[in-house]
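The structure appears below as structure tokens.
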Amino acid sequence: MRRGDLGDDASVYGRKLGEFKMQCPYCGGDLTVTEVEYDVPIIGKVLIASKRCLKCGYKRNDIIPLEQHGHKRLYLKVEAPEDFEVKVVRSPTAKIIIPELGMELEPGIDAEMFVTNVEGVLYMFLDAIGRIKALDPQVDVAPVENTLRNVIQQQRGGFTIILEDTNGTSLFLSEKRKILVLSEEVG
């Protein structure tokens with residue numbers, strides 16, 4: 001077995017479901033796709049599809065929740081600098097809303113599950129503002145961009161992050177302190 005290859009057991013936590021080849025979307029070479037099922041605490045079973053092209057170096061890992069927990073909305077009030085360290089686990093079906101800042105991130109057709117923190121979510125919005133500026137220089141995003149930069153630099157709270165997830169697998173986690181997360185079932 002070559003370094004980086006997975007045997008039948010990906011690890012003590014995962015079970016390899018299969019491996020197949022397809023055409024790399026970038027160079028046309030052989031793209032190896034390996035699918036492994038993991039049982040992740042709190043989230044449940046997930047499928048990790050690892051894609052790798054040895055010809056051009058393209059890599060991508062998709063994490064796909066295999067269990068549904070019902071449509072939920074989670075609310076986290078960000079008030080102190082420590083709240084910027086709270087982990088945000090967003091499933092591919094979750095929308096992120098920050099009403100006080102007028103921001104919304106809708107999951108797209110190729111949305112990924114990711115883990116970041118509150119500060120990382122704010123930087124995602126900042127990146128999106130940068131893309132808007134690049135696509136349409138006529139759009140005045142300066143007020144929103146400046147507000148967001150100030151919030152990040154000063155770690156100024158006073159806003160709420162809402163995760164609205166049709167699968168119900170998104171969550172907020174804090175390892176350092178207790179946090180209050182309000183949750184409601186939708187529909």
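Chain identifiers are assigned as A, B, and so on, following the order in which chains appear in the structure tokens; residues are numbered from 1 within each chain, and ligands are numbered from 1 in order of appearance.
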
Contact residues around Lys59 in chain A with only C-alpha atoms at 12 Å, ignoring same-chain residues under 2 positions, as JSON, numbers by chain: {"A": [24, 25, 26, 31, 32, 33, 34, 49, 50, 51, 52, 53, 54, 55, 56, 57, 61, 62]}

message: Neighbouring residues of Arg149 in chain A were defined as those with any atom within 12 Å, considering only C-alpha atoms; residues of the same chain fewer than 2 positions away were excluded. Please report them as a list in words.
response: Leu101, Glu119, Leu122, Tyr123, Met124, Phe125, Leu126, Asp127, Ile129, Ala142, Pro143, Val144, Glu145, Asn146, Thr147, Val151, Ile152, Gln153, Gln154, Gln155 and Arg156 of chain A

field: Backbone-only DSSP, strand (DSSP E or B) members of chain A, as a PyMOL selection string
entry: chain A and resi 14-23+30-40+44-53+59-65+72-78+87-90+94-98+103-105+114-117+159-165+171-173+181-185

Shell around Lys95 in chain A at 12 Å using only C-alpha atoms, local window under 4 positions removed, as a compact mmCIF listing (two decimals) with C-alpha atoms, in the first residue's frame:
# COMPACT_ATOMS: atom_id res chain seq x y z
CA HIS A 71 -35.13 21.38 9.97
CA LYS A 72 -33.68 23.53 12.77
CA ARG A 73 -32.67 27.09 13.48
CA LEU A 74 -29.83 27.73 15.93
CA VAL A 89 -20.12 23.55 12.14
CA ARG A 90 -22.11 24.28 9.00
CA SER A 91 -23.66 21.48 6.98
CA MET A 103 -25.77 39.44 5.95
CA GLU A 104 -26.90 36.08 4.63
CA LEU A 105 -24.94 33.16 3.19
CA GLU A 106 -27.13 30.73 1.24
CA PRO A 107 -25.87 27.21 0.56
CA GLY A 108 -25.16 26.80 -3.14
CA ALA A 111 -21.92 23.84 -0.79
CA GLU A 112 -19.50 22.11 1.55
CA MET A 113 -19.72 21.14 5.17
CA VAL A 121 -17.61 33.16 9.40
CA ILE A 161 -25.43 34.27 14.14
CA ILE A 162 -28.30 32.10 12.97
CA LEU A 163 -27.75 28.69 11.39
CA GLU A 164 -30.87 27.59 9.54
CA ASP A 165 -30.35 23.99 8.51
CA THR A 166 -32.88 21.82 6.70
CA ASN A 167 -30.87 18.72 7.72
CA GLY A 168 -30.38 19.84 11.31
CA THR A 169 -26.71 18.77 11.47
CA SER A 170 -25.16 22.22 11.92
CA LEU A 171 -24.12 23.32 15.40

field: Pairwise distance for CA of Leu76 in chain A and CA of Lys45 in chain A, rounded to one decimal in Å
entry: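 So the two atoms, CA of Leu76 in chain A and CA of Lys45 in chain A, lie 24.8 Å apart.
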
- request: For Lys77 in chain A, list every protein, DNA or RNA residue within 9 Å, evaluated using only C-alpha atoms, and leave out those in the same chain fewer than 3 positions away; present the list as a ChimeraX atom specification.
  value: /A:83,157-162,179-181

Selected residues, all heavy atoms, written as a PDB file, in the first residue's frame, please.
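Saved file selection10.pdb follows:
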ATOM      1  N   ASP A  83     -16.471  34.943  22.424  1.00  0.00           N
ATOM      2  CA  ASP A  83     -17.481  34.351  21.540  1.00  0.00           C
ATOM      3  C   ASP A  83     -16.978  34.207  20.105  1.00  0.00           C
ATOM      4  O   ASP A  83     -17.513  33.416  19.333  1.00  0.00           O
ATOM      5  CB  ASP A  83     -18.765  35.191  21.557  1.00  0.00           C
ATOM      6  CG  ASP A  83     -19.446  35.166  22.912  1.00  0.00           C
ATOM      7  OD1 ASP A  83     -19.253  34.191  23.663  1.00  0.00           O
ATOM      8  OD2 ASP A  83     -20.175  36.137  23.222  1.00  0.00           O
ATOM      9  N   GLY A 157     -18.856  42.488  19.834  1.00  0.00           N
ATOM     10  CA  GLY A 157     -20.060  41.670  19.736  1.00  0.00           C
ATOM     11  C   GLY A 157     -21.275  42.514  19.443  1.00  0.00           C
ATOM     12  O   GLY A 157     -21.189  43.584  18.850  1.00  0.00           O
ATOM     13  N   GLY A 158     -22.420  42.011  19.903  1.00  0.00           N
ATOM     14  CA  GLY A 158     -23.668  42.732  19.679  1.00  0.00           C
ATOM     15  C   GLY A 158     -24.403  42.267  18.443  1.00  0.00           C
ATOM     16  O   GLY A 158     -25.202  43.011  17.880  1.00  0.00           O
ATOM     17  N   PHE A 159     -24.142  41.033  18.024  1.00  0.00           N
ATOM     18  CA  PHE A 159     -24.857  40.483  16.870  1.00  0.00           C
ATOM     19  C   PHE A 159     -25.162  39.008  17.117  1.00  0.00           C
ATOM     20  O   PHE A 159     -24.633  38.383  18.023  1.00  0.00           O
ATOM     21  CB  PHE A 159     -24.072  40.689  15.566  1.00  0.00           C
ATOM     22  CG  PHE A 159     -22.723  40.025  15.539  1.00  0.00           C
ATOM     23  CD1 PHE A 159     -22.571  38.735  15.046  1.00  0.00           C
ATOM     24  CD2 PHE A 159     -21.590  40.694  15.993  1.00  0.00           C
ATOM     25  CE1 PHE A 159     -21.320  38.130  15.015  1.00  0.00           C
ATOM     26  CE2 PHE A 159     -20.338  40.101  15.963  1.00  0.00           C
ATOM     27  CZ  PHE A 159     -20.205  38.815  15.477  1.00  0.00           C
ATOM     28  N   THR A 160     -26.049  38.488  16.302  1.00  0.00           N
ATOM     29  CA  THR A 160     -26.500  37.104  16.412  1.00  0.00           C
ATOM     30  C   THR A 160     -26.136  36.358  15.140  1.00  0.00           C
ATOM     31  O   THR A 160     -26.320  36.887  14.040  1.00  0.00           O
ATOM     32  CB  THR A 160     -28.041  37.059  16.587  1.00  0.00           C
ATOM     33  OG1 THR A 160     -28.398  37.911  17.663  1.00  0.00           O
ATOM     34  CG2 THR A 160     -28.531  35.646  16.845  1.00  0.00           C
ATOM     35  N   ILE A 161     -25.629  35.145  15.298  1.00  0.00           N
ATOM     36  CA  ILE A 161     -25.425  34.271  14.138  1.00  0.00           C
ATOM     37  C   ILE A 161     -26.524  33.216  14.183  1.00  0.00           C
ATOM     38  O   ILE A 161     -26.719  32.551  15.210  1.00  0.00           O
ATOM     39  CB  ILE A 161     -24.044  33.609  14.133  1.00  0.00           C
ATOM     40  CG1 ILE A 161     -22.949  34.664  13.956  1.00  0.00           C
ATOM     41  CG2 ILE A 161     -23.960  32.566  13.016  1.00  0.00           C
ATOM     42  CD1 ILE A 161     -21.561  34.109  13.794  1.00  0.00           C
ATOM     43  N   ILE A 162     -27.228  33.091  13.080  1.00  0.00           N
ATOM     44  CA  ILE A 162     -28.298  32.103  12.967  1.00  0.00           C
ATOM     45  C   ILE A 162     -27.878  31.066  11.940  1.00  0.00           C
ATOM     46  O   ILE A 162     -27.466  31.413  10.830  1.00  0.00           O
ATOM     47  CB  ILE A 162     -29.624  32.757  12.517  1.00  0.00           C
ATOM     48  CG1 ILE A 162     -30.032  33.858  13.502  1.00  0.00           C
ATOM     49  CG2 ILE A 162     -30.721  31.705  12.375  1.00  0.00           C
ATOM     50  CD1 ILE A 162     -31.183  34.725  13.012  1.00  0.00           C
ATOM     51  N   ILE A 179     -21.809  28.182  26.496  1.00  0.00           N
ATOM     52  CA  ILE A 179     -22.488  29.146  25.641  1.00  0.00           C
ATOM     53  C   ILE A 179     -23.970  28.813  25.634  1.00  0.00           C
ATOM     54  O   ILE A 179     -24.357  27.661  25.843  1.00  0.00           O
ATOM     55  CB  ILE A 179     -21.930  29.141  24.195  1.00  0.00           C
ATOM     56  CG1 ILE A 179     -22.009  27.739  23.573  1.00  0.00           C
ATOM     57  CG2 ILE A 179     -20.536  29.691  24.141  1.00  0.00           C
ATOM     58  CD1 ILE A 179     -21.685  27.690  22.097  1.00  0.00           C
ATOM     59  N   LEU A 180     -24.783  29.792  25.393  1.00  0.00           N
ATOM     60  CA  LEU A 180     -26.216  29.589  25.279  1.00  0.00           C
ATOM     61  C   LEU A 180     -26.566  29.591  23.798  1.00  0.00           C
ATOM     62  O   LEU A 180     -26.335  30.572  23.102  1.00  0.00           O
ATOM     63  CB  LEU A 180     -26.989  30.694  26.007  1.00  0.00           C
ATOM     64  CG  LEU A 180     -28.501  30.637  25.867  1.00  0.00           C
ATOM     65  CD1 LEU A 180     -29.062  29.350  26.478  1.00  0.00           C
ATOM     66  CD2 LEU A 180     -29.143  31.863  26.502  1.00  0.00           C
ATOM     67  N   VAL A 181     -27.086  28.465  23.337  1.00  0.00           N
ATOM     68  CA  VAL A 181     -27.515  28.348  21.961  1.00  0.00           C
ATOM     69  C   VAL A 181     -29.010  28.046  21.999  1.00  0.00           C
ATOM     70  O   VAL A 181     -29.439  27.058  22.603  1.00  0.00           O
ATOM     71  CB  VAL A 181     -26.784  27.209  21.214  1.00  0.00           C
ATOM     72  CG1 VAL A 181     -27.338  27.041  19.811  1.00  0.00           C
ATOM     73  CG2 VAL A 181     -25.284  27.496  21.164  1.00  0.00           C
TER      74      VAL A 181
END

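Between Gly28 in chain A and the candidates A:Glu184, A:Gln138, A:Gly102, A:Tyr58, the tightest atom-to-atom separation, counting only C-alpha atoms, involves A:Tyr58.
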
task: Enter the distance from CA of Ile42 in chain A to CA of Gln68 in chain A, in Å, rounded to one decimal.
output: 12.2 Å

Selected residue, from A:Ile64, A:Val186, A:Val141, A:Val78, that lies nearest to Gly44 in chain A when counting only C-alpha atoms: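 Distance minimum relative to Gly44 in chain A lands on A:Ile64.
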